[in-house]
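So this one's query.pdb, PDB, C-alpha atoms:
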ATOM      1  CA  MET A1148     -30.286 111.682 226.036  1.00  0.00           C
ATOM      2  CA  GLN A1149     -26.932 110.942 227.666  1.00  0.00           C
ATOM      3  CA  GLU A1150     -27.320 113.990 229.943  1.00  0.00           C
ATOM      4  CA  ILE A1151     -30.805 112.858 230.994  1.00  0.00           C
ATOM      5  CA  LEU A1152     -29.594 109.344 231.792  1.00  0.00           C
ATOM      6  CA  GLN A1153     -26.568 110.748 233.624  1.00  0.00           C
ATOM      7  CA  SER A1154     -28.796 112.981 235.776  1.00  0.00           C
ATOM      8  CA  LYS A1155     -30.738 109.872 236.833  1.00  0.00           C
ATOM      9  CA  THR A1156     -27.670 107.828 237.776  1.00  0.00           C
ATOM     10  CA  GLU A1157     -25.855 110.595 239.659  1.00  0.00           C
ATOM     11  CA  HIS A1158     -27.958 110.090 242.789  1.00  0.00           C
ATOM     12  CA  ASN A1159     -27.059 106.427 243.341  1.00  0.00           C
ATOM     13  CA  GLY A1160     -30.474 105.704 244.831  1.00  0.00           C
ATOM     14  CA  ILE A1161     -30.453 108.773 247.119  1.00  0.00           C
ATOM     15  CA  ILE A1162     -33.799 110.593 247.167  1.00  0.00           C
ATOM     16  CA  ASP A1163     -33.446 114.366 247.017  1.00  0.00           C
ATOM     17  CA  ARG A1164     -35.567 116.527 249.300  1.00  0.00           C
ATOM     18  CA  LEU A1165     -36.898 119.760 247.834  1.00  0.00           C
ATOM     19  CA  PHE A1166     -36.332 121.844 250.958  1.00  0.00           C
ATOM     20  CA  SER A1167     -32.599 121.455 251.183  1.00  0.00           C
ATOM     21  CA  LYS A1168     -29.841 124.011 250.816  1.00  0.00           C
ATOM     22  CA  LYS A1169     -28.761 123.000 247.331  1.00  0.00           C
ATOM     23  CA  PHE A1170     -32.225 123.796 245.920  1.00  0.00           C
ATOM     24  CA  GLN A1171     -32.382 127.173 247.646  1.00  0.00           C
ATOM     25  CA  LEU A1172     -32.118 129.267 244.467  1.00  0.00           C
ATOM     26  CA  PRO A1173     -34.852 127.450 242.473  1.00  0.00           C
ATOM     27  CA  ILE A1174     -37.141 127.597 245.527  1.00  0.00           C
ATOM     28  CA  ILE A1175     -36.620 131.359 245.877  1.00  0.00           C
ATOM     29  CA  LEU A1176     -37.128 131.890 242.142  1.00  0.00           C
ATOM     30  CA  ALA A1177     -40.353 129.843 242.122  1.00  0.00           C
ATOM     31  CA  PHE A1178     -41.732 131.417 245.302  1.00  0.00           C
ATOM     32  CA  LEU A1179     -41.178 134.997 244.158  1.00  0.00           C
ATOM     33  CA  PHE A1180     -42.425 134.323 240.643  1.00  0.00           C
ATOM     34  CA  ALA A1181     -45.662 132.747 241.909  1.00  0.00           C
ATOM     35  CA  ALA A1182     -46.160 135.421 244.573  1.00  0.00           C
ATOM     36  CA  PHE A1183     -45.703 138.293 242.120  1.00  0.00           C
ATOM     37  CA  ASN A1184     -48.226 136.639 239.802  1.00  0.00           C
ATOM     38  CA  GLN A1185     -50.945 137.263 242.366  1.00  0.00           C
ATOM     39  CA  LEU A1186     -49.557 140.494 243.834  1.00  0.00           C
ATOM     40  CA  SER A1187     -50.309 142.018 240.446  1.00  0.00           C
ATOM     41  CA  GLY A1188     -53.971 141.814 241.463  1.00  0.00           C
ATOM     42  CA  ILE A1189     -54.894 139.654 238.468  1.00  0.00           C
ATOM     43  CA  ASN A1190     -57.349 137.361 240.213  1.00  0.00           C
ATOM     44  CA  ALA A1191     -58.828 140.204 242.249  1.00  0.00           C
ATOM     45  CA  ILE A1192     -59.605 142.007 238.993  1.00  0.00           C
ATOM     46  CA  ILE A1193     -60.947 138.871 237.289  1.00  0.00           C
ATOM     47  CA  TYR A1194     -63.080 137.818 240.275  1.00  0.00           C
ATOM     48  CA  TYR A1195     -64.426 141.290 241.054  1.00  0.00           C
ATOM     49  CA  SER A1196     -64.402 142.936 237.615  1.00  0.00           C
ATOM     50  CA  PRO A1197     -68.170 143.692 237.601  1.00  0.00           C
ATOM     51  CA  ARG A1198     -67.810 145.310 241.018  1.00  0.00           C
ATOM     52  CA  ILE A1199     -64.744 147.300 239.910  1.00  0.00           C
ATOM     53  CA  PHE A1200     -66.542 148.556 236.814  1.00  0.00           C
ATOM     54  CA  GLU A1201     -69.555 149.518 238.939  1.00  0.00           C
ATOM     55  CA  MET A1202     -67.199 151.460 241.239  1.00  0.00           C
ATOM     56  CA  THR A1203     -66.272 153.543 238.190  1.00  0.00           C
ATOM     57  CA  GLY A1204     -69.920 154.435 237.564  1.00  0.00           C
ATOM     58  CA  LEU A1205     -70.775 151.894 234.864  1.00  0.00           C
ATOM     59  CA  GLY A1206     -74.224 150.310 235.107  1.00  0.00           C
ATOM     60  CA  LYS A1207     -74.596 146.601 235.845  1.00  0.00           C
ATOM     61  CA  GLU A1208     -75.199 145.664 232.205  1.00  0.00           C
ATOM     62  CA  SER A1209     -72.144 147.588 231.018  1.00  0.00           C
ATOM     63  CA  ALA A1210     -70.069 146.098 233.835  1.00  0.00           C
ATOM     64  CA  LEU A1211     -71.025 142.557 232.837  1.00  0.00           C
ATOM     65  CA  LEU A1212     -70.303 143.305 229.167  1.00  0.00           C
ATOM     66  CA  SER A1213     -66.887 144.709 230.091  1.00  0.00           C
ATOM     67  CA  SER A1214     -66.188 141.544 232.108  1.00  0.00           C
ATOM     68  CA  ALA A1215     -66.805 139.505 228.952  1.00  0.00           C
ATOM     69  CA  GLY A1216     -64.287 141.760 227.204  1.00  0.00           C
ATOM     70  CA  ILE A1217     -61.722 140.833 229.858  1.00  0.00           C
ATOM     71  CA  GLY A1218     -62.103 137.165 228.947  1.00  0.00           C
ATOM     72  CA  LEU A1219     -61.636 137.934 225.247  1.00  0.00           C
ATOM     73  CA  ALA A1220     -58.526 140.064 225.871  1.00  0.00           C
ATOM     74  CA  ASN A1221     -57.116 137.321 228.099  1.00  0.00           C
ATOM     75  CA  LEU A1222     -57.614 134.727 225.357  1.00  0.00           C
ATOM     76  CA  ILE A1223     -56.087 136.800 222.551  1.00  0.00           C
ATOM     77  CA  PHE A1224     -52.951 137.822 224.434  1.00  0.00           C
ATOM     78  CA  THR A1225     -52.440 134.366 225.945  1.00  0.00           C
ATOM     79  CA  VAL A1226     -52.290 133.002 222.392  1.00  0.00           C
ATOM     80  CA  LEU A1227     -49.753 135.714 221.526  1.00  0.00           C
ATOM     81  CA  GLY A1228     -47.693 134.731 224.573  1.00  0.00           C
ATOM     82  CA  TRP A1229     -47.817 131.094 223.432  1.00  0.00           C
ATOM     83  CA  ILE A1230     -46.533 132.153 220.001  1.00  0.00           C
ATOM     84  CA  PHE A1231     -43.764 134.443 221.288  1.00  0.00           C
ATOM     85  CA  ILE A1232     -42.451 132.602 224.357  1.00  0.00           C
ATOM     86  CA  ASP A1233     -39.977 130.462 222.401  1.00  0.00           C
ATOM     87  CA  ARG A1234     -39.171 133.190 219.878  1.00  0.00           C
ATOM     88  CA  PHE A1235     -38.233 136.028 222.207  1.00  0.00           C
ATOM     89  CA  GLY A1236     -37.653 134.185 225.481  1.00  0.00           C
ATOM     90  CA  ARG A1237     -39.190 134.195 228.928  1.00  0.00           C
ATOM     91  CA  ARG A1238     -37.410 137.300 230.203  1.00  0.00           C
ATOM     92  CA  ALA A1239     -38.474 139.391 227.194  1.00  0.00           C
ATOM     93  CA  LEU A1240     -42.148 138.561 227.780  1.00  0.00           C
ATOM     94  CA  MET A1241     -41.732 139.297 231.486  1.00  0.00           C
ATOM     95  CA  TYR A1242     -40.197 142.706 230.734  1.00  0.00           C
ATOM     96  CA  ILE A1243     -43.113 143.506 228.419  1.00  0.00           C
ATOM     97  CA  GLY A1244     -45.661 142.249 230.939  1.00  0.00           C
ATOM     98  CA  SER A1245     -44.070 144.039 233.900  1.00  0.00           C
ATOM     99  CA  ALA A1246     -43.951 147.361 232.050  1.00  0.00           C
ATOM    100  CA  GLY A1247     -47.570 146.916 230.985  1.00  0.00           C
ATOM    101  CA  TYR A1248     -48.563 146.095 234.558  1.00  0.00           C
ATOM    102  CA  ILE A1249     -46.868 149.171 236.006  1.00  0.00           C
ATOM    103  CA  ILE A1250     -48.319 151.568 233.435  1.00  0.00           C
ATOM    104  CA  SER A1251     -51.879 150.199 233.489  1.00  0.00           C
ATOM    105  CA  LEU A1252     -52.092 149.807 237.276  1.00  0.00           C
ATOM    106  CA  THR A1253     -50.716 153.305 237.813  1.00  0.00           C
ATOM    107  CA  LEU A1254     -53.296 154.745 235.428  1.00  0.00           C
ATOM    108  CA  ILE A1255     -56.104 152.847 237.179  1.00  0.00           C
ATOM    109  CA  SER A1256     -54.896 154.082 240.574  1.00  0.00           C
ATOM    110  CA  VAL A1257     -54.687 157.685 239.365  1.00  0.00           C
ATOM    111  CA  SER A1258     -58.189 157.387 237.916  1.00  0.00           C
ATOM    112  CA  PHE A1259     -59.573 156.387 241.309  1.00  0.00           C
ATOM    113  CA  PHE A1260     -57.674 159.141 243.118  1.00  0.00           C
ATOM    114  CA  THR A1261     -58.886 161.794 240.659  1.00  0.00           C
ATOM    115  CA  GLN A1262     -62.350 160.258 240.219  1.00  0.00           C
ATOM    116  CA  THR A1263     -62.024 160.308 236.419  1.00  0.00           C
ATOM    117  CA  PHE A1264     -63.242 156.906 235.290  1.00  0.00           C
ATOM    118  CA  SER A1265     -63.931 157.284 231.582  1.00  0.00           C
ATOM    119  CA  HIS A1266     -60.825 155.335 230.516  1.00  0.00           C
ATOM    120  CA  VAL A1267     -60.680 152.774 233.328  1.00  0.00           C
ATOM    121  CA  PRO A1268     -62.153 149.907 231.227  1.00  0.00           C
ATOM    122  CA  LEU A1269     -59.432 150.518 228.627  1.00  0.00           C
ATOM    123  CA  PHE A1270     -56.738 150.518 231.337  1.00  0.00           C
ATOM    124  CA  ILE A1271     -58.080 147.249 232.750  1.00  0.00           C
ATOM    125  CA  PHE A1272     -58.032 145.636 229.295  1.00  0.00           C
ATOM    126  CA  ALA A1273     -54.407 146.793 228.952  1.00  0.00           C
ATOM    127  CA  PHE A1274     -53.643 145.249 232.342  1.00  0.00           C
ATOM    128  CA  ILE A1275     -55.194 141.926 231.290  1.00  0.00           C
ATOM    129  CA  ALA A1276     -53.195 141.992 228.046  1.00  0.00           C
ATOM    130  CA  ALA A1277     -49.967 142.638 229.978  1.00  0.00           C
ATOM    131  CA  HIS A1278     -50.705 139.733 232.297  1.00  0.00           C
ATOM    132  CA  ALA A1279     -51.673 137.289 229.559  1.00  0.00           C
ATOM    133  CA  ILE A1280     -48.600 137.888 227.408  1.00  0.00           C
ATOM    134  CA  GLY A1281     -46.232 138.045 230.406  1.00  0.00           C
ATOM    135  CA  GLN A1282     -46.824 136.337 233.746  1.00  0.00           C
ATOM    136  CA  GLY A1283     -49.848 134.391 232.570  1.00  0.00           C
ATOM    137  CA  SER A1284     -47.896 132.758 229.746  1.00  0.00           C
ATOM    138  CA  VAL A1285     -44.540 132.322 231.468  1.00  0.00           C
ATOM    139  CA  ILE A1286     -45.278 131.183 235.029  1.00  0.00           C
ATOM    140  CA  TRP A1287     -45.954 127.472 234.548  1.00  0.00           C
ATOM    141  CA  VAL A1288     -43.293 127.081 231.864  1.00  0.00           C
ATOM    142  CA  PHE A1289     -40.626 128.794 233.979  1.00  0.00           C
ATOM    143  CA  ILE A1290     -41.414 126.981 237.229  1.00  0.00           C
ATOM    144  CA  SER A1291     -41.310 123.619 235.474  1.00  0.00           C
ATOM    145  CA  GLU A1292     -37.892 124.407 233.969  1.00  0.00           C
ATOM    146  CA  ILE A1293     -35.905 125.604 236.982  1.00  0.00           C
ATOM    147  CA  PHE A1294     -36.168 122.446 239.108  1.00  0.00           C
ATOM    148  CA  PRO A1295     -33.976 119.412 238.357  1.00  0.00           C
ATOM    149  CA  ASN A1296     -35.477 116.045 237.428  1.00  0.00           C
ATOM    150  CA  SER A1297     -35.178 114.664 240.958  1.00  0.00           C
ATOM    151  CA  VAL A1298     -37.482 117.285 242.544  1.00  0.00           C
ATOM    152  CA  ARG A1299     -39.380 118.701 239.567  1.00  0.00           C
ATOM    153  CA  ALA A1300     -42.761 117.325 240.652  1.00  0.00           C
ATOM    154  CA  SER A1301     -42.494 118.621 244.218  1.00  0.00           C
ATOM    155  CA  GLY A1302     -40.991 121.902 242.987  1.00  0.00           C
ATOM    156  CA  MET A1303     -43.923 122.538 240.680  1.00  0.00           C
ATOM    157  CA  ALA A1304     -46.324 121.593 243.465  1.00  0.00           C
ATOM    158  CA  PHE A1305     -44.613 124.147 245.725  1.00  0.00           C
ATOM    159  CA  GLY A1306     -44.911 126.826 243.023  1.00  0.00           C
ATOM    160  CA  ALA A1307     -48.597 126.028 242.471  1.00  0.00           C
ATOM    161  CA  LEU A1308     -49.267 126.091 246.227  1.00  0.00           C
ATOM    162  CA  THR A1309     -47.585 129.496 246.558  1.00  0.00           C
ATOM    163  CA  HIS A1310     -49.586 130.808 243.607  1.00  0.00           C
ATOM    164  CA  TRP A1311     -52.969 129.743 244.973  1.00  0.00           C
ATOM    165  CA  VAL A1312     -52.264 130.727 248.588  1.00  0.00           C
ATOM    166  CA  PHE A1313     -51.470 134.269 247.429  1.00  0.00           C
ATOM    167  CA  ALA A1314     -54.518 134.143 245.120  1.00  0.00           C
ATOM    168  CA  ALA A1315     -56.743 133.300 248.089  1.00  0.00           C
ATOM    169  CA  VAL A1316     -55.218 136.011 250.288  1.00  0.00           C
ATOM    170  CA  VAL A1317     -55.433 138.767 247.657  1.00  0.00           C
ATOM    171  CA  ALA A1318     -58.959 137.801 246.584  1.00  0.00           C
ATOM    172  CA  ASN A1319     -60.185 137.823 250.197  1.00  0.00           C
ATOM    173  CA  VAL A1320     -58.587 141.100 251.290  1.00  0.00           C
ATOM    174  CA  PHE A1321     -59.345 143.047 248.089  1.00  0.00           C
ATOM    175  CA  PRO A1322     -63.042 143.779 248.888  1.00  0.00           C
ATOM    176  CA  PHE A1323     -62.172 144.999 252.389  1.00  0.00           C
ATOM    177  CA  PHE A1324     -59.337 147.314 251.339  1.00  0.00           C
ATOM    178  CA  SER A1325     -61.182 148.648 248.290  1.00  0.00           C
ATOM    179  CA  GLN A1326     -64.184 149.476 250.452  1.00  0.00           C
ATOM    180  CA  GLN A1327     -62.182 150.941 253.347  1.00  0.00           C
ATOM    181  CA  TYR A1328     -59.557 152.881 251.417  1.00  0.00           C
ATOM    182  CA  GLY A1329     -60.855 153.109 247.868  1.00  0.00           C
ATOM    183  CA  GLY A1330     -59.504 151.735 244.622  1.00  0.00           C
ATOM    184  CA  GLY A1331     -56.632 154.209 244.405  1.00  0.00           C
ATOM    185  CA  ILE A1332     -54.690 152.735 247.341  1.00  0.00           C
ATOM    186  CA  ILE A1333     -55.104 149.080 246.419  1.00  0.00           C
ATOM    187  CA  PHE A1334     -54.185 149.578 242.766  1.00  0.00           C
ATOM    188  CA  ALA A1335     -51.202 151.702 243.781  1.00  0.00           C
ATOM    189  CA  PHE A1336     -50.068 148.800 245.980  1.00  0.00           C
ATOM    190  CA  PHE A1337     -50.345 146.392 243.029  1.00  0.00           C
ATOM    191  CA  ALA A1338     -48.331 148.821 240.864  1.00  0.00           C
ATOM    192  CA  VAL A1339     -45.542 149.018 243.467  1.00  0.00           C
ATOM    193  CA  MET A1340     -45.422 145.214 243.673  1.00  0.00           C
ATOM    194  CA  MET A1341     -44.935 145.102 239.908  1.00  0.00           C
ATOM    195  CA  VAL A1342     -41.960 147.444 240.204  1.00  0.00           C
ATOM    196  CA  PHE A1343     -40.441 144.817 242.496  1.00  0.00           C
ATOM    197  CA  GLN A1344     -41.317 142.149 239.942  1.00  0.00           C
ATOM    198  CA  LEU A1345     -39.455 144.124 237.283  1.00  0.00           C
ATOM    199  CA  LEU A1346     -36.400 144.202 239.562  1.00  0.00           C
ATOM    200  CA  TYR A1347     -36.774 140.450 240.088  1.00  0.00           C
ATOM    201  CA  VAL A1348     -36.745 139.838 236.320  1.00  0.00           C
ATOM    202  CA  TRP A1349     -33.740 142.126 235.869  1.00  0.00           C
ATOM    203  CA  LEU A1350     -31.620 140.902 238.778  1.00  0.00           C
ATOM    204  CA  LEU A1351     -32.608 137.282 239.481  1.00  0.00           C
ATOM    205  CA  MET A1352     -34.570 135.609 236.711  1.00  0.00           C
ATOM    206  CA  PRO A1353     -32.457 133.394 234.424  1.00  0.00           C
ATOM    207  CA  GLU A1354     -33.329 133.018 230.748  1.00  0.00           C
ATOM    208  CA  THR A1355     -34.443 129.441 230.135  1.00  0.00           C
ATOM    209  CA  LYS A1356     -35.172 129.708 226.412  1.00  0.00           C
ATOM    210  CA  GLY A1357     -33.109 127.184 224.442  1.00  0.00           C
ATOM    211  CA  VAL A1358     -31.358 125.850 227.554  1.00  0.00           C
ATOM    212  CA  SER A1359     -31.680 122.155 228.345  1.00  0.00           C
ATOM    213  CA  LEU A1360     -33.065 121.147 231.725  1.00  0.00           C
ATOM    214  CA  GLU A1361     -29.745 119.499 232.566  1.00  0.00           C
ATOM    215  CA  GLU A1362     -27.792 122.667 231.733  1.00  0.00           C
ATOM    216  CA  LEU A1363     -30.169 124.698 233.887  1.00  0.00           C
ATOM    217  CA  GLN A1364     -29.571 122.240 236.710  1.00  0.00           C
ATOM    218  CA  ARG A1365     -25.837 122.867 236.463  1.00  0.00           C
ATOM    219  CA  GLN A1366     -26.389 126.634 236.497  1.00  0.00           C
ATOM    220  CA  LEU A1367     -28.874 126.797 239.384  1.00  0.00           C
ATOM    221  CA  ILE A1368     -27.843 123.929 241.667  1.00  0.00           C
ATOM    222  CA  LYS A1369     -24.531 124.533 243.380  1.00  0.00           C
TER     223      LYS A1369
END
Target format structure tokens, applied to this file:
Amino acid sequence: MQEILQSKTEHNGIIDRLFSKKFQLPIILAFLFAAFNQLSGINAIIYYSPRIFEMTGLGKESALLSSAGIGLANLIFTVLGWIFIDRFGRRALMYIGSAGYIISLTLISVSFFTQTFSHVPLFIFAFIAAHAIGQGSVIWVFISEIFPNSVRASGMAFGALTHWVFAAVVANVFPFFSQQYGGGIIFAFFAVMMVFQLLYVWLLMPETKGVSLEELQRQLIK
């Protein structure tokens, strides 16, 4: 409580601006985290899952049924992420999710290149599970933790804006690229982006589990 009150009195009435040099690290962390969330292709797969399943040769009824399975997998593994996020930490879930992304997206890409689609629905379910237990569970918790009290609201708004701008871009370009170049190229691109996300988690992402917001402020704001 004393740390919270101290953080409020330190500014002496001065209003902090989010886009200033001292908040550079939290801004970079939030921007990259939100961008990678969508560069995984998650919303492209969710929005266009019936179309993706039809591309693999499934009939319309089977494609719609598989899309319902995506929702169920998303629910189950989001609950698991909720259970584990404070037990194992944010970075641990992100390592698990990133590895799952890379493996599942690579397998989907290879399936499109080789035109062997029998296991693609299973790979997509694995991708959804990796997202739900990793990025899907961690993103809003992590972004809310890395900004200090004085700019937390605007920092979260910036993270949300980044997330949905990239969601709009990916969702709008996915049909064009999948039609022009086939599923193999676009899913390979998503897999490469997730390799960069793994490097981000390893090299940049701080662990926020069990760390007070005030302590994080001292670590991230120089």
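Closest approach to Ile1255 in chain A among A:Ile1332, A:Val1312, A:Leu1345, A:Ile1223: A:Ile1332, based on only C-alpha atoms.
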* Apply the PyMOL selection byres ((chain A and resi 1258) around 12) to the structure shown and report the selected residues as a ChimeraX atom specification. => /A:1202-1203,1251-1257,1259-1271,1329-1332,1334-1335
Write a file of the selected residues as a PDB file, in the coordinates of the input, keeping C-alpha atoms.
ATOM      1  CA  MET A1202     -67.199 151.460 241.239  1.00  0.00           C
ATOM      2  CA  THR A1203     -66.272 153.543 238.190  1.00  0.00           C
ATOM      3  CA  SER A1251     -51.879 150.199 233.489  1.00  0.00           C
ATOM      4  CA  LEU A1252     -52.092 149.807 237.276  1.00  0.00           C
ATOM      5  CA  THR A1253     -50.716 153.305 237.813  1.00  0.00           C
ATOM      6  CA  LEU A1254     -53.296 154.745 235.428  1.00  0.00           C
ATOM      7  CA  ILE A1255     -56.104 152.847 237.179  1.00  0.00           C
ATOM      8  CA  SER A1256     -54.896 154.082 240.574  1.00  0.00           C
ATOM      9  CA  VAL A1257     -54.687 157.685 239.365  1.00  0.00           C
ATOM     10  CA  PHE A1259     -59.573 156.387 241.309  1.00  0.00           C
ATOM     11  CA  PHE A1260     -57.674 159.141 243.118  1.00  0.00           C
ATOM     12  CA  THR A1261     -58.886 161.794 240.659  1.00  0.00           C
ATOM     13  CA  GLN A1262     -62.350 160.258 240.219  1.00  0.00           C
ATOM     14  CA  THR A1263     -62.024 160.308 236.419  1.00  0.00           C
ATOM     15  CA  PHE A1264     -63.242 156.906 235.290  1.00  0.00           C
ATOM     16  CA  SER A1265     -63.931 157.284 231.582  1.00  0.00           C
ATOM     17  CA  HIS A1266     -60.825 155.335 230.516  1.00  0.00           C
ATOM     18  CA  VAL A1267     -60.680 152.774 233.328  1.00  0.00           C
ATOM     19  CA  PRO A1268     -62.153 149.907 231.227  1.00  0.00           C
ATOM     20  CA  LEU A1269     -59.432 150.518 228.627  1.00  0.00           C
ATOM     21  CA  PHE A1270     -56.738 150.518 231.337  1.00  0.00           C
ATOM     22  CA  ILE A1271     -58.080 147.249 232.750  1.00  0.00           C
ATOM     23  CA  GLY A1329     -60.855 153.109 247.868  1.00  0.00           C
ATOM     24  CA  GLY A1330     -59.504 151.735 244.622  1.00  0.00           C
ATOM     25  CA  GLY A1331     -56.632 154.209 244.405  1.00  0.00           C
ATOM     26  CA  ILE A1332     -54.690 152.735 247.341  1.00  0.00           C
ATOM     27  CA  PHE A1334     -54.185 149.578 242.766  1.00  0.00           C
ATOM     28  CA  ALA A1335     -51.202 151.702 243.781  1.00  0.00           C
TER      29      ALA A1335
END
* Of the candidates A:Pro1197, A:Pro1322, A:Gly1306, A:Pro1353, which one gets nearest to Leu1179 in chain A if we count all atoms listed in the file? -> A:Gly1306
* Could you state which residues are captured by the PyMOL selection byres ((chain A and resi 1357) around 12) in this file, as number ranges by chain? => A: 1232-1237, 1292, 1353-1356, 1358-1363
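Pairwise distance (CA of Gln1344 in chain A, CA of Thr1309 in chain A) equals 15.6 Å.
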* Straight-line distance linking CA of Ala1182 in chain A with CA of Leu1219 in chain A, stated in Å to one decimal -> 24.9 Å
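All residues of protein, DNA or RNA that reach within 8 Å of Leu1172 in chain A, judged by only C-alpha atoms and not counting those fewer than 3 positions away in the chain, are Lys1169, Ile1175, Leu1176, Leu1367 and Ile1368 of chain A.
Here the PyMOL selection byres ((chain A and resi 1307) around 12) captures the residues Ile1174, Ala1177, Phe1178, Leu1179, Phe1180, Ala1181, Ala1182, Asn1184, Gln1185, Ile1286, Trp1287, Val1288, Phe1289, Ile1290, Ser1291, Ala1300, Ser1301, Gly1302, Met1303, Ala1304, Phe1305, Gly1306, Leu1308, Thr1309, His1310, Trp1311, Val1312, Phe1313 and Ala1314 of chain A.
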* Separation of CA of Val1342 in chain A from CA of Thr1225 in chain A in Å -> 22.0 Å
* **12 Å contact set for Leu1222 in chain A, all atoms listed in the file, chain neighbours under 5 positions out, as a VMD selection string** => chain A and resid 1215 to 1217 1227 to 1229 1272 1275 to 1280 1283 to 1284
* Using only C-alpha atoms, which residue out of A:Gln1282, A:Asn1296, A:Gly1204, A:Ala1318 lies closest to Arg1238 in chain A? -> A:Gln1282
* To do: Using all atoms listed in the file, determine which residues lie at most 8 Å from Ile1249 in chain A, disregarding the query and same-chain residues fewer than 5 positions distant; provide the list as a VMD selection string.
  => chain A and resid 1338 to 1339 1341 to 1342
* **Which of A:Ile1243, A:Gly1188, A:Phe1183, A:Glu1201 sits closest to Phe1343 in chain A [using all atoms listed in the file]** => A:Phe1183
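The residue that comes closest to Val1320 in chain A, out of A:Phe1170, A:Val1226, A:Ile1333, A:Asp1163 and on the basis of all atoms listed in the file, is A:Ile1333.
Each of A:Arg1198, A:Ile1189, A:Met1340, A:Arg1164 was checked against Ser1325 in chain A using only C-alpha atoms; the smallest atom-to-atom distance is that of A:Arg1198.
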